[in-house]
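Right, one structure below, let's go through it.
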Amino acid sequence: MIFISILTLIVAKALPSLNIKLSPVYFTRISAIIFLYAGALSFNTLYIQSIGSGIGIYSGLFHITQVSQLIEVFLLVIGSLILIAWPLKQNTENTSIILNSYSTDYSLIVLFSTLGSCLLISCSDLISMYLSIELQSFGLYILSTLYRESESSTSAGLKYFLLGGLSSCIILLGSGIIYAYTGLTNFESIYSIISVSGYNYILQGLSLGLILILVGFLFKIAAAPLHNWSPDVYDDTPTIVTIWLTIMPKISIIILLLELHTQIGIIGGETNLIINTSGYAELLGSLNLETISNLSNITSHSLISIVGDSSMNILKNLLLISSLLSLIIGTVVGLAQTRIKRLLAYSTISHIGFILLALAINTEQSIDSLIFYIIQYTITNLNIFLIIIALGYIIKSSSNKDYTMKDIKYISEFKGQFFSNPLLSLSLAVCLFSMAGIPPLMGFFSKQFVLYSAVQNGYNFISIVAILASVVSASYYLKIIKVLHTSPDNEETTSLVEQKSVHSTQVKELKSQLKEGVNVGVQSTILTNFHSYLISSLTLSILLFIFKPTLILNSTQLLSLSLFNF
């Protein structure tokens with residue numbers, strides 16, 4: 001559906017007759033409708049009876065399951081919300097043409113990137129995995145450099161392209177090593193060979209390849225210590241692009257890592273296969289000295305294979321180390337930030353630490369908390385950036401005509417916004433409190449579930465670090481809230497009043513010119529009604545989650561159970 005729609009929109013843009021008649025705003029709206037329709041089609045596949053055990057398509061390159069389809073629906077809905085919330089702009093005639101062109105390009109590139117994300121969630125082969133991650137990444141590289149007149153956007157896109165290409169090379173190297181040692185690319189075949197191979201050179205090659213693939217994906221989701229590119233890229237790209245970079249690629253990659261880590265954990269984490277002297281297979285628990293002494297009556301030639309959990313332990317330790325570093329670096333370095341998007345980038349790194357902790361634990365309860373954390377993170381982060389976009393256009397609509405300069409760069413620019421825009425400021429404060437984990441907001445429950453599963457499984461030290469990180473990170477969220485509610489100086493108040501009077505004068509002149517039939521442009525930005533409605537809906541869902549939590553919690557519990565039972 002998405003692929004056919006991409007081809008149709010490209011043809012519509014290429015044909016001069018259609019390109020002139022179709023307003024570029026329509027491309028954004030059509031793309032949002034495509035996402036919603038594709039999401040409805042994906043949801044409809046859940047009624048297929050055999051979807052529970054999974055359906056292989058395209059010769060086994062992709063594997064459709066309940067988890068992949070529901071996450072795909074979630075991705076498509078979030079993508080449609082981002083597109084529909086694109087602000088409408090009325091400006092001078094030349095600038096309007098440039099901005100509308102950006103809107104069209106944004107829509108097409110977003111479709112390409114989302115197609116890669118949907119394919120990545122369902123991939124079941126090393127080949128399809130690499131092609132999907134590249135399709136997603138190439139769209140993100142272009143999005144980062146979408147505003148060609150902006151020097152910062154161009155430099156951010158170049159940095160993202162170079163470092164993203166390096167991570168793709170690491171993933172390709174890991175895939176090549178796995179194929180060189182096993183001759184296999186299908187995930188199910190790789191799981192099978194892990195379950196019957198001892199810790200010989202084949203399993204060593206598999207472990208090395210999986211580690212490289214994991215490192216490459218950790219690089220792409222900006223997990224510490226592979227996070228250095230993230231604050232620079234997020235800060236230099238326009239906010240409407242930063243929304244996409246912060247949310248969409250991370251969801252698809254984390255779900256892929258969840259699938260890989262869960263399946264390998266089920267195979268190699270708990271059982272060991274031997275064949276005794278009588279020729280019967282036996283399953284034993286984790287090997288220790290007592291277990292090995294009980295196997296003294298088994299001759300060496302009768303020991304066919306022992307599935308050691310060494311590869312599983314290596315992956316788990318790697319995830320735990322990255323989680324610990326992400327929690328510490330995302331919290332400590334975030335304290336020193338004065339630029340809003342750099343601070344949110346380090347906040348994202350800290351949240352990635354919680355997600356990786358839940359992924360490393362690898363139990364039904366932790367996977368349940370992981371999926372819920374992803375949903376909470378997506379809703380809260382999306383709302384924060386939508387509010388920042390709205391405040392940016394309200395503050396700078398009359399002072400600058402360039403779209404890329406309407407972004408809010410510094411935290412100090414929020415000063416006194418509560419007195420001029422109280423509803424947006426309160427919505428932003430609610431989202432920031434939720435990110436800090438203040439009860440009874442949604443963010444508190446997501447962190448509570450992750451920490452509870454960590455403590456239950458004996459990860460006490462990293463749980464303490466995560467609690468301290470949440471407490472410390474609350475300080476830089478509170479810093480933003482303090483600036484919002486700080487009364488502006490008299491000079492700033494006077495300047496604000498003057499700007500409002502100038503703006504009202506311009507509007508009056510515009511109305512008079514329109515009555516006379518003069519073709520003019522409005523030097524302001526109009527936020528759509530849906531943009532305002534979306535902010536209010538997301539804020540209420542964060543604020544009132546405690547009154548109806550079962551809808552999301554039951555869904556995440558069913559998804560986690562399906563991963564372990566099918």
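By order in the structure tokens, chains are A, B, ...; within a chain, residues start at 1; ligands start at 1, following the order shown.
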
All residues 8 Å or closer to range 246-257 of chain A, only C-alpha atoms, same chain fewer than 3 positions away omitted, as a ChimeraX atom specification = /A:75,79,114,117-118,120-121,136,214,217,220-221,242-243,260-261,348,374,378,381-382

Store the residues picked out above in a file with N, CA and C atoms, as a PDB file, in the first residue's frame.
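Result file follows (result14.pdb):
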```
ATOM      1  N   LEU A  75       3.003   2.610  14.537  1.00  0.00           N
ATOM      2  CA  LEU A  75       3.917   3.469  13.778  1.00  0.00           C
ATOM      3  C   LEU A  75       3.164   4.323  12.765  1.00  0.00           C
ATOM      4  N   GLY A  79       2.847   8.354  12.613  1.00  0.00           N
ATOM      5  CA  GLY A  79       3.304   9.065  11.421  1.00  0.00           C
ATOM      6  C   GLY A  79       2.227   9.965  10.842  1.00  0.00           C
ATOM      7  N   THR A 114       9.180   5.494   6.408  1.00  0.00           N
ATOM      8  CA  THR A 114       8.210   4.672   7.128  1.00  0.00           C
ATOM      9  C   THR A 114       8.090   3.290   6.504  1.00  0.00           C
ATOM     10  N   SER A 117      10.780   1.347   7.960  1.00  0.00           N
ATOM     11  CA  SER A 117      10.496   0.995   9.354  1.00  0.00           C
ATOM     12  C   SER A 117       9.530  -0.181   9.446  1.00  0.00           C
ATOM     13  N   CYS A 118       8.486  -0.160   8.632  1.00  0.00           N
ATOM     14  CA  CYS A 118       7.506  -1.254   8.652  1.00  0.00           C
ATOM     15  C   CYS A 118       8.136  -2.568   8.204  1.00  0.00           C
ATOM     16  N   LEU A 120      11.315  -3.314   8.493  1.00  0.00           N
ATOM     17  CA  LEU A 120      12.297  -3.715   9.499  1.00  0.00           C
ATOM     18  C   LEU A 120      11.637  -4.470  10.649  1.00  0.00           C
ATOM     19  N   ILE A 121      10.434  -4.073  11.021  1.00  0.00           N
ATOM     20  CA  ILE A 121       9.734  -4.740  12.108  1.00  0.00           C
ATOM     21  C   ILE A 121       9.425  -6.196  11.766  1.00  0.00           C
ATOM     22  N   GLN A 136      15.157   2.828   5.586  1.00  0.00           N
ATOM     23  CA  GLN A 136      14.765   3.760   6.639  1.00  0.00           C
ATOM     24  C   GLN A 136      15.805   4.853   6.835  1.00  0.00           C
ATOM     25  N   LEU A 214      24.332  -5.874  16.999  1.00  0.00           N
ATOM     26  CA  LEU A 214      23.779  -5.152  18.140  1.00  0.00           C
ATOM     27  C   LEU A 214      24.449  -3.795  18.317  1.00  0.00           C
ATOM     28  N   PHE A 217      23.104  -1.340  15.719  1.00  0.00           N
ATOM     29  CA  PHE A 217      21.765  -0.847  16.033  1.00  0.00           C
ATOM     30  C   PHE A 217      21.775   0.077  17.247  1.00  0.00           C
ATOM     31  N   LYS A 220      22.548   3.430  16.026  1.00  0.00           N
ATOM     32  CA  LYS A 220      21.468   4.109  15.326  1.00  0.00           C
ATOM     33  C   LYS A 220      20.397   4.647  16.267  1.00  0.00           C
ATOM     34  N   ILE A 221      20.238   4.037  17.444  1.00  0.00           N
ATOM     35  CA  ILE A 221      19.264   4.569  18.399  1.00  0.00           C
ATOM     36  C   ILE A 221      19.908   5.508  19.410  1.00  0.00           C
ATOM     37  N   THR A 242      13.146  16.882  13.584  1.00  0.00           N
ATOM     38  CA  THR A 242      13.620  16.256  14.818  1.00  0.00           C
ATOM     39  C   THR A 242      12.563  15.328  15.410  1.00  0.00           C
ATOM     40  N   ILE A 243      11.280  15.669  15.238  1.00  0.00           N
ATOM     41  CA  ILE A 243      10.221  14.776  15.721  1.00  0.00           C
ATOM     42  C   ILE A 243      10.390  13.385  15.119  1.00  0.00           C
ATOM     43  N   LEU A 260      14.919 -10.346  18.239  1.00  0.00           N
ATOM     44  CA  LEU A 260      16.158 -11.133  18.215  1.00  0.00           C
ATOM     45  C   LEU A 260      16.549 -11.589  19.617  1.00  0.00           C
ATOM     46  N   HIS A 261      16.554 -10.661  20.556  1.00  0.00           N
ATOM     47  CA  HIS A 261      17.018 -10.985  21.902  1.00  0.00           C
ATOM     48  C   HIS A 261      16.072 -11.960  22.599  1.00  0.00           C
ATOM     49  N   THR A 348      16.451  11.809  25.825  1.00  0.00           N
ATOM     50  CA  THR A 348      16.154  10.602  25.051  1.00  0.00           C
ATOM     51  C   THR A 348      17.174   9.510  25.331  1.00  0.00           C
ATOM     52  N   ILE A 374       7.767   2.203  25.521  1.00  0.00           N
ATOM     53  CA  ILE A 374       7.852   2.737  24.165  1.00  0.00           C
ATOM     54  C   ILE A 374       6.623   3.580  23.839  1.00  0.00           C
ATOM     55  N   THR A 378       6.767   7.615  23.221  1.00  0.00           N
ATOM     56  CA  THR A 378       6.335   8.164  21.938  1.00  0.00           C
ATOM     57  C   THR A 378       5.285   9.249  22.129  1.00  0.00           C
ATOM     58  N   ASN A 381       6.965  12.378  24.002  1.00  0.00           N
ATOM     59  CA  ASN A 381       7.955  13.076  23.176  1.00  0.00           C
ATOM     60  C   ASN A 381       7.285  13.796  22.010  1.00  0.00           C
ATOM     61  N   LEU A 382       6.312  13.141  21.393  1.00  0.00           N
ATOM     62  CA  LEU A 382       5.582  13.773  20.294  1.00  0.00           C
ATOM     63  C   LEU A 382       4.889  15.041  20.764  1.00  0.00           C
TER      64      LEU A 382
END
```

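The interatomic distance for the pair CA of Tyr377 in chain A and CA of Met435 in chain A works out to 7.9 Å.
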
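Proximity to Thr539 in chain A was assessed for A:Thr380, A:Ser155, A:Ser475, A:Gln448 counting only C-alpha atoms; the smallest distance is recorded for A:Thr380.
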
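Within the 12 Å cut-off around Tyr201 in chain A, using only C-alpha atoms and omitting residues fewer than 4 positions from it on the same chain, the listed residues are A:Ile177, A:Ile178, A:Ala180, A:Tyr181, A:Thr182, A:Ile194, A:Ser197, A:Gly205, A:Leu206, A:Ser207, A:Leu208.
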
When you look at Phe545 in chain A with a cut-off of 10 Å (counting only C-alpha atoms), what residues show up, excluding the ones that are within fewer than 3 positions of it in the same chain? I need them as a compact mmCIF listing (two decimals) with C-alpha atoms, in the first residue's frame.
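Done, and the output landed in selection.txt:
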```
# COMPACT_ATOMS: atom_id res chain seq x y z
CA PRO A 440 0.33 10.00 38.82
CA LEU A 441 1.34 10.77 35.23
CA MET A 442 1.96 8.10 32.60
CA GLY A 443 5.75 8.44 32.71
CA PHE A 445 4.15 4.10 35.71
CA THR A 539 -1.81 16.04 27.20
CA LEU A 540 -5.04 14.64 28.60
CA SER A 541 -3.95 11.08 27.85
CA ILE A 542 -0.77 11.68 29.84
CA LYS A 548 -8.27 4.19 32.52
CA PRO A 549 -4.94 2.33 32.34
CA THR A 550 -6.27 -1.09 31.34
CA LEU A 551 -6.55 -0.35 27.61
CA ILE A 552 -2.80 0.07 27.12
```

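Take the candidates A:Val471, A:Ile462, A:Leu226, A:Cys431 and check each one against Gln376 in chain A using only C-alpha atoms; the shortest distance goes to A:Cys431.
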
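Take the candidates A:Val430, A:Leu468, A:Leu172, A:Leu140 and check each one against Leu544 in chain A using only C-alpha atoms; the shortest distance goes to A:Val430.
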
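For the atom pair formed by CA of Gly353 in chain A and CA of Gln69 in chain A, the distance is 25.6 Å, given to one decimal.
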
Enumerate as a ChimeraX atom specification all residues of range 400-498 of chain A assigned to alpha helix (DSSP H) by DSSP on the backbone, naming them with the chain letters and numbers the document uses.
-> /A:417-420,422-436,442-456,460-484,490-498

Give me the residues within 8 Å of Leu81 in chain A as a PyMOL selection string, counting only C-alpha atoms and dropping any in the same chain fewer than 3 places off.
-> chain A and resi 32+77-78+84-85+534

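You will find CA of Gln263 in chain A at 17.1 Å from CA of Leu357 in chain A.
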
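If only C-alpha atoms are the atoms counted, then among A:Ile546, A:Tyr393, A:Leu61, A:Val73 the closest residue to Thr528 in chain A is A:Tyr393.
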